[in-house]
>>> print(open('input15.txt').read())   # compact mmCIF, C-alpha atoms
# COMPACT_ATOMS: atom_id res chain seq x y z
CA MET A 1 147.05 -58.57 -15.69
CA SER A 2 149.31 -60.81 -17.66
CA GLU A 3 148.03 -62.10 -20.98
CA HIS A 4 148.00 -65.62 -19.52
CA HIS A 5 145.16 -64.59 -17.19
CA ILE A 6 143.14 -62.62 -19.73
CA LYS A 7 140.47 -64.84 -21.22
CA THR A 8 137.29 -64.25 -23.15
CA LEU A 9 133.99 -65.04 -21.45
CA PRO A 10 133.55 -68.19 -23.61
CA GLN A 11 137.04 -69.34 -22.51
CA TRP A 12 136.15 -68.76 -18.84
CA ARG A 13 132.83 -70.58 -19.35
CA ALA A 14 134.71 -73.58 -20.78
CA ILE A 15 137.02 -73.96 -17.74
CA LEU A 16 134.75 -72.97 -14.84
CA THR A 17 131.72 -74.73 -13.42
CA PRO A 18 128.43 -72.89 -14.07
CA GLU A 19 128.37 -71.66 -10.45
CA GLN A 20 132.01 -70.51 -10.55
CA TYR A 21 131.28 -68.65 -13.77
CA ARG A 22 128.12 -67.00 -12.36
CA ILE A 23 129.96 -65.78 -9.26
CA THR A 24 133.37 -64.81 -10.67
CA ARG A 25 132.45 -63.56 -14.16
CA GLU A 26 128.90 -62.28 -13.60
CA ALA A 27 129.41 -60.89 -10.06
CA GLY A 28 126.96 -63.33 -8.52
CA THR A 29 126.62 -64.27 -4.86
CA GLU A 30 126.24 -67.66 -3.27
CA ARG A 31 123.53 -68.20 -0.66
CA PRO A 32 124.66 -67.33 2.89
CA PHE A 33 125.88 -70.24 5.03
CA SER A 34 126.05 -72.49 1.93
CA GLY A 35 129.69 -72.19 0.83
CA GLN A 36 132.23 -74.92 1.49
CA TYR A 37 134.64 -72.51 3.20
CA TYR A 38 132.15 -70.70 5.45
CA ASP A 39 132.82 -72.96 8.46
CA HIS A 40 136.27 -74.10 7.33
CA ASN A 41 139.08 -73.89 9.88
CA GLU A 42 141.96 -75.80 8.32
CA ARG A 43 145.35 -74.05 8.14
CA GLY A 44 146.50 -73.03 4.68
CA ARG A 45 145.93 -70.54 1.90
CA TYR A 46 142.97 -69.50 -0.21
CA HIS A 47 143.62 -68.93 -3.91
CA CYS A 48 141.57 -67.52 -6.78
CA VAL A 49 139.57 -70.32 -8.42
CA CYS A 50 140.14 -68.74 -11.84
CA CYS A 51 143.87 -67.98 -11.95
CA ASP A 52 145.33 -69.51 -8.75
CA ALA A 53 146.56 -66.17 -7.37
CA LEU A 54 147.15 -66.26 -3.61
CA LEU A 55 144.43 -64.13 -1.99
CA PHE A 56 144.04 -64.97 1.72
CA ALA A 57 145.77 -66.92 4.48
CA SER A 58 143.85 -68.97 7.02
CA THR A 59 145.47 -66.89 9.77
CA SER A 60 143.36 -63.89 8.68
CA LYS A 61 140.08 -65.86 8.52
CA PHE A 62 137.51 -65.23 11.25
CA ASP A 63 133.86 -65.97 11.94
CA ALA A 64 131.88 -62.78 11.32
CA GLY A 65 128.56 -64.64 11.45
CA CYS A 66 127.58 -63.13 8.09
CA GLY A 67 127.19 -66.39 6.16
CA TRP A 68 130.29 -66.12 3.98
CA PRO A 69 133.99 -66.73 4.67
CA SER A 70 135.45 -63.58 6.23
CA PHE A 71 139.05 -62.45 6.19
CA ALA A 72 140.73 -59.52 7.94
CA ASP A 73 143.41 -58.92 5.32
CA GLU A 74 144.68 -60.04 1.94
CA ALA A 75 147.64 -62.44 1.97
CA VAL A 76 149.76 -60.37 -0.40
CA ALA A 77 149.42 -56.61 -0.75
CA GLY A 78 147.95 -55.74 -4.13
CA SER A 79 146.42 -59.15 -4.82
CA ILE A 80 142.91 -57.71 -4.54
CA SER A 81 141.44 -54.75 -6.40
CA ARG A 82 138.46 -52.69 -5.28
CA ARG A 83 135.68 -50.88 -7.08
CA ALA A 84 132.49 -49.10 -6.14
CA ASP A 85 129.36 -51.26 -6.34
CA HIS A 86 125.98 -49.51 -6.40
CA SER A 87 123.94 -52.59 -7.34
CA HIS A 88 120.78 -53.66 -5.50
CA GLY A 89 120.25 -50.14 -4.15
CA MET A 90 123.31 -50.40 -1.87
CA GLN A 91 126.67 -48.66 -1.73
CA ARG A 92 129.40 -51.25 -1.25
CA ILE A 93 133.00 -51.89 -2.21
CA GLU A 94 133.37 -54.89 -4.50
CA VAL A 95 136.62 -56.87 -4.35
CA ARG A 96 138.14 -58.66 -7.33
CA CYS A 97 141.25 -60.69 -8.02
CA ALA A 98 143.85 -58.18 -9.22
CA ARG A 99 145.38 -60.77 -11.55
CA CYS A 100 142.32 -62.01 -13.51
CA ASP A 101 139.52 -59.62 -12.44
CA ALA A 102 137.36 -62.38 -10.91
CA HIS A 103 134.57 -61.11 -8.66
CA LEU A 104 135.27 -62.36 -5.12
CA GLY A 105 132.80 -60.52 -2.88
CA HIS A 106 132.85 -57.26 -0.93
CA VAL A 107 134.89 -55.53 1.77
CA PHE A 108 133.34 -53.74 4.75
CA ASP A 109 134.78 -51.54 7.50
CA ASP A 110 133.44 -53.63 10.41
CA GLY A 111 136.31 -56.11 10.73
CA PRO A 112 138.72 -56.79 13.57
CA LEU A 113 141.53 -54.44 14.53
CA PRO A 114 144.17 -53.44 13.66
CA GLY A 115 142.94 -53.08 10.05
CA GLY A 116 139.23 -52.95 10.78
CA GLU A 117 138.24 -54.52 7.46
CA ARG A 118 136.12 -57.61 6.72
CA TYR A 119 136.54 -59.22 3.33
CA CYS A 120 133.26 -61.08 2.78
CA ILE A 121 134.10 -63.63 0.08
CA ASN A 122 132.16 -66.23 -1.91
CA SER A 123 133.53 -69.74 -1.29
CA VAL A 124 132.94 -70.58 -4.95
CA ALA A 125 135.53 -67.94 -5.94
CA LEU A 126 138.23 -69.70 -3.89
CA HIS A 127 140.16 -72.92 -3.78
CA PHE A 128 142.03 -73.97 -0.67
CA VAL A 129 145.61 -75.23 -0.43
CA PRO A 130 146.32 -76.89 2.96
CA GLU A 131 149.43 -75.96 4.89
CA GLN A 132 152.20 -78.54 4.53
CA CYS A 133 153.50 -80.03 7.78
>>> encode(input="input15.txt", output="structure tokens")
Amino acid sequence: MSEHHIKTLPQWRAILTPEQYRITREAGTERPFSGQYYDHNERGRYHCVCCDALLFASTSKFDAGCGWPSFADEAVAGSISRRADHSHGMQRIEVRCARCDAHLGHVFDDGPLPGGERYCINSVALHFVPEQC
């Protein structure tokens, strides 16, 4: 992480909405089917709400029916980090922004081929940049 993207929790709290802070800094989860990007089909790119790192392209987005935006692959290799998550009595793989360590969601091995992964991401952790014509 570059120093530009390292902030204290009070600094993050000052620039994020309460919901963005809860999700990205406290590893929260938005309610299923409630996020603005769940049923979003516009062409473009999804960036980290905290540091603006490019995370996903609309071409990898698909409807998994899980209640959160789902992506088959990250837009740029290495833009997402992974860590074991044993919270809530489950064994999952948490995904975070590699640049600023924002909690994004989780990745599962039930996605479409060829990769077979499903990145299940909180809409609140993203901001969308439409494709330019």
>>> closest_residue(input="input15.txt", among="A:Glu74, A:Asp110, A:Asp85, A:Glu19", to="His47 in chain A", atoms="all atoms listed in the file")
A:Glu74
>>> closest_residue(input="input15.txt", among="A:Arg45, A:Gly111, A:Gly28, A:Asp39", to="His88 in chain A", atoms="all atoms listed in the file")
A:Gly28
>>> closest_residue(input="input15.txt", among="A:Trp12, A:Phe33, A:Phe62, A:Tyr46", to="Cys100 in chain A", atoms="all atoms listed in the file")
A:Trp12
>>> residues_around(input="input15.txt", residues="Pro69 in chain A", least_positions_apart="5", cutoff="12 Å", atoms="all atoms listed in the file", output="VMD selection string")
chain A and resid 30 to 41 46 56 to 58 60 to 64 104 to 107 118 to 126
>>> atom_distance(input="input15.txt", atom1="CA of Cys66 in chain A", atom2="CA of Ile23 in chain A")
17.7 Å
>>> closest_residue(input="input15.txt", among="A:Arg96, A:Ser70, A:Thr29, A:Cys48", to="Arg83 in chain A", atoms="all atoms listed in the file")
A:Arg96
>>> closest_residue(input="input15.txt", among="A:Arg13, A:Gly44, A:Arg25, A:Phe108", to="Glu131 in chain A", atoms="only C-alpha atoms")
A:Gly44
>>> build_atoms(input="input15.txt", residues="range 41-70 of chain A", atoms="N, CA and C atoms", output="PDB file, in the frame of the given file")
ATOM      1  N   ASN A  41     138.067 -74.383   8.945  1.00  0.00           N
ATOM      2  CA  ASN A  41     139.080 -73.890   9.880  1.00  0.00           C
ATOM      3  C   ASN A  41     140.452 -74.518   9.699  1.00  0.00           C
ATOM      4  N   GLU A  42     140.670 -75.174   8.591  1.00  0.00           N
ATOM      5  CA  GLU A  42     141.960 -75.800   8.320  1.00  0.00           C
ATOM      6  C   GLU A  42     143.009 -74.708   8.058  1.00  0.00           C
ATOM      7  N   ARG A  43     144.261 -75.000   8.383  1.00  0.00           N
ATOM      8  CA  ARG A  43     145.350 -74.050   8.140  1.00  0.00           C
ATOM      9  C   ARG A  43     145.832 -74.181   6.704  1.00  0.00           C
ATOM     10  N   GLY A  44     146.027 -73.032   6.061  1.00  0.00           N
ATOM     11  CA  GLY A  44     146.500 -73.030   4.680  1.00  0.00           C
ATOM     12  C   GLY A  44     146.220 -71.707   4.008  1.00  0.00           C
ATOM     13  N   ARG A  45     146.086 -71.758   2.693  1.00  0.00           N
ATOM     14  CA  ARG A  45     145.930 -70.540   1.900  1.00  0.00           C
ATOM     15  C   ARG A  45     144.744 -70.685   0.944  1.00  0.00           C
ATOM     16  N   TYR A  46     144.106 -69.561   0.705  1.00  0.00           N
ATOM     17  CA  TYR A  46     142.970 -69.500  -0.210  1.00  0.00           C
ATOM     18  C   TYR A  46     143.397 -68.780  -1.475  1.00  0.00           C
ATOM     19  N   HIS A  47     143.200 -69.449  -2.606  1.00  0.00           N
ATOM     20  CA  HIS A  47     143.620 -68.930  -3.910  1.00  0.00           C
ATOM     21  C   HIS A  47     142.402 -68.636  -4.779  1.00  0.00           C
ATOM     22  N   CYS A  48     142.607 -67.821  -5.802  1.00  0.00           N
ATOM     23  CA  CYS A  48     141.570 -67.520  -6.780  1.00  0.00           C
ATOM     24  C   CYS A  48     141.249 -68.791  -7.572  1.00  0.00           C
ATOM     25  N   VAL A  49     139.975 -69.130  -7.690  1.00  0.00           N
ATOM     26  CA  VAL A  49     139.570 -70.320  -8.420  1.00  0.00           C
ATOM     27  C   VAL A  49     139.848 -70.185  -9.913  1.00  0.00           C
ATOM     28  N   CYS A  50     139.933 -68.962 -10.408  1.00  0.00           N
ATOM     29  CA  CYS A  50     140.140 -68.740 -11.840  1.00  0.00           C
ATOM     30  C   CYS A  50     141.613 -68.793 -12.253  1.00  0.00           C
ATOM     31  N   CYS A  51     142.473 -68.113 -11.497  1.00  0.00           N
ATOM     32  CA  CYS A  51     143.870 -67.980 -11.950  1.00  0.00           C
ATOM     33  C   CYS A  51     144.904 -68.469 -10.940  1.00  0.00           C
ATOM     34  N   ASP A  52     144.457 -68.953  -9.789  1.00  0.00           N
ATOM     35  CA  ASP A  52     145.330 -69.510  -8.750  1.00  0.00           C
ATOM     36  C   ASP A  52     146.160 -68.467  -7.999  1.00  0.00           C
ATOM     37  N   ALA A  53     145.841 -67.194  -8.130  1.00  0.00           N
ATOM     38  CA  ALA A  53     146.560 -66.170  -7.370  1.00  0.00           C
ATOM     39  C   ALA A  53     146.285 -66.358  -5.880  1.00  0.00           C
ATOM     40  N   LEU A  54     147.309 -66.203  -5.059  1.00  0.00           N
ATOM     41  CA  LEU A  54     147.150 -66.260  -3.610  1.00  0.00           C
ATOM     42  C   LEU A  54     146.385 -65.027  -3.156  1.00  0.00           C
ATOM     43  N   LEU A  55     145.268 -65.245  -2.429  1.00  0.00           N
ATOM     44  CA  LEU A  55     144.430 -64.130  -1.990  1.00  0.00           C
ATOM     45  C   LEU A  55     144.401 -63.962  -0.482  1.00  0.00           C
ATOM     46  N   PHE A  56     144.197 -65.058   0.268  1.00  0.00           N
ATOM     47  CA  PHE A  56     144.040 -64.970   1.720  1.00  0.00           C
ATOM     48  C   PHE A  56     144.748 -66.129   2.402  1.00  0.00           C
ATOM     49  N   ALA A  57     145.194 -65.879   3.628  1.00  0.00           N
ATOM     50  CA  ALA A  57     145.770 -66.920   4.480  1.00  0.00           C
ATOM     51  C   ALA A  57     144.760 -67.288   5.557  1.00  0.00           C
ATOM     52  N   SER A  58     144.783 -68.526   5.988  1.00  0.00           N
ATOM     53  CA  SER A  58     143.850 -68.970   7.020  1.00  0.00           C
ATOM     54  C   SER A  58     144.036 -68.197   8.323  1.00  0.00           C
ATOM     55  N   THR A  59     145.218 -67.647   8.538  1.00  0.00           N
ATOM     56  CA  THR A  59     145.470 -66.890   9.770  1.00  0.00           C
ATOM     57  C   THR A  59     144.667 -65.589   9.825  1.00  0.00           C
ATOM     58  N   SER A  60     144.164 -65.107   8.668  1.00  0.00           N
ATOM     59  CA  SER A  60     143.360 -63.890   8.680  1.00  0.00           C
ATOM     60  C   SER A  60     141.856 -64.186   8.626  1.00  0.00           C
ATOM     61  N   LYS A  61     141.491 -65.470   8.597  1.00  0.00           N
ATOM     62  CA  LYS A  61     140.080 -65.860   8.520  1.00  0.00           C
ATOM     63  C   LYS A  61     139.454 -65.779   9.910  1.00  0.00           C
ATOM     64  N   PHE A  62     138.214 -65.298   9.971  1.00  0.00           N
ATOM     65  CA  PHE A  62     137.510 -65.230  11.250  1.00  0.00           C
ATOM     66  C   PHE A  62     136.020 -65.420  11.002  1.00  0.00           C
ATOM     67  N   ASP A  63     135.289 -65.748  12.047  1.00  0.00           N
ATOM     68  CA  ASP A  63     133.860 -65.970  11.940  1.00  0.00           C
ATOM     69  C   ASP A  63     133.126 -64.660  12.227  1.00  0.00           C
ATOM     70  N   ALA A  64     132.614 -64.036  11.171  1.00  0.00           N
ATOM     71  CA  ALA A  64     131.880 -62.780  11.320  1.00  0.00           C
ATOM     72  C   ALA A  64     130.382 -63.035  11.487  1.00  0.00           C
ATOM     73  N   GLY A  65     129.967 -64.296  11.317  1.00  0.00           N
ATOM     74  CA  GLY A  65     128.560 -64.640  11.450  1.00  0.00           C
ATOM     75  C   GLY A  65     127.694 -64.131  10.308  1.00  0.00           C
ATOM     76  N   CYS A  66     128.311 -63.746   9.200  1.00  0.00           N
ATOM     77  CA  CYS A  66     127.580 -63.130   8.090  1.00  0.00           C
ATOM     78  C   CYS A  66     127.105 -64.143   7.048  1.00  0.00           C
ATOM     79  N   GLY A  67     127.604 -65.370   7.113  1.00  0.00           N
ATOM     80  CA  GLY A  67     127.190 -66.390   6.160  1.00  0.00           C
ATOM     81  C   GLY A  67     128.174 -66.676   5.054  1.00  0.00           C
ATOM     82  N   TRP A  68     129.251 -65.915   4.988  1.00  0.00           N
ATOM     83  CA  TRP A  68     130.290 -66.120   3.980  1.00  0.00           C
ATOM     84  C   TRP A  68     131.650 -66.149   4.680  1.00  0.00           C
ATOM     85  N   PRO A  69     132.646 -66.785   4.083  1.00  0.00           N
ATOM     86  CA  PRO A  69     133.990 -66.730   4.670  1.00  0.00           C
ATOM     87  C   PRO A  69     134.429 -65.272   4.806  1.00  0.00           C
ATOM     88  N   SER A  70     134.998 -64.945   5.952  1.00  0.00           N
ATOM     89  CA  SER A  70     135.450 -63.580   6.230  1.00  0.00           C
ATOM     90  C   SER A  70     136.930 -63.577   6.538  1.00  0.00           C
TER      91      SER A  70
END
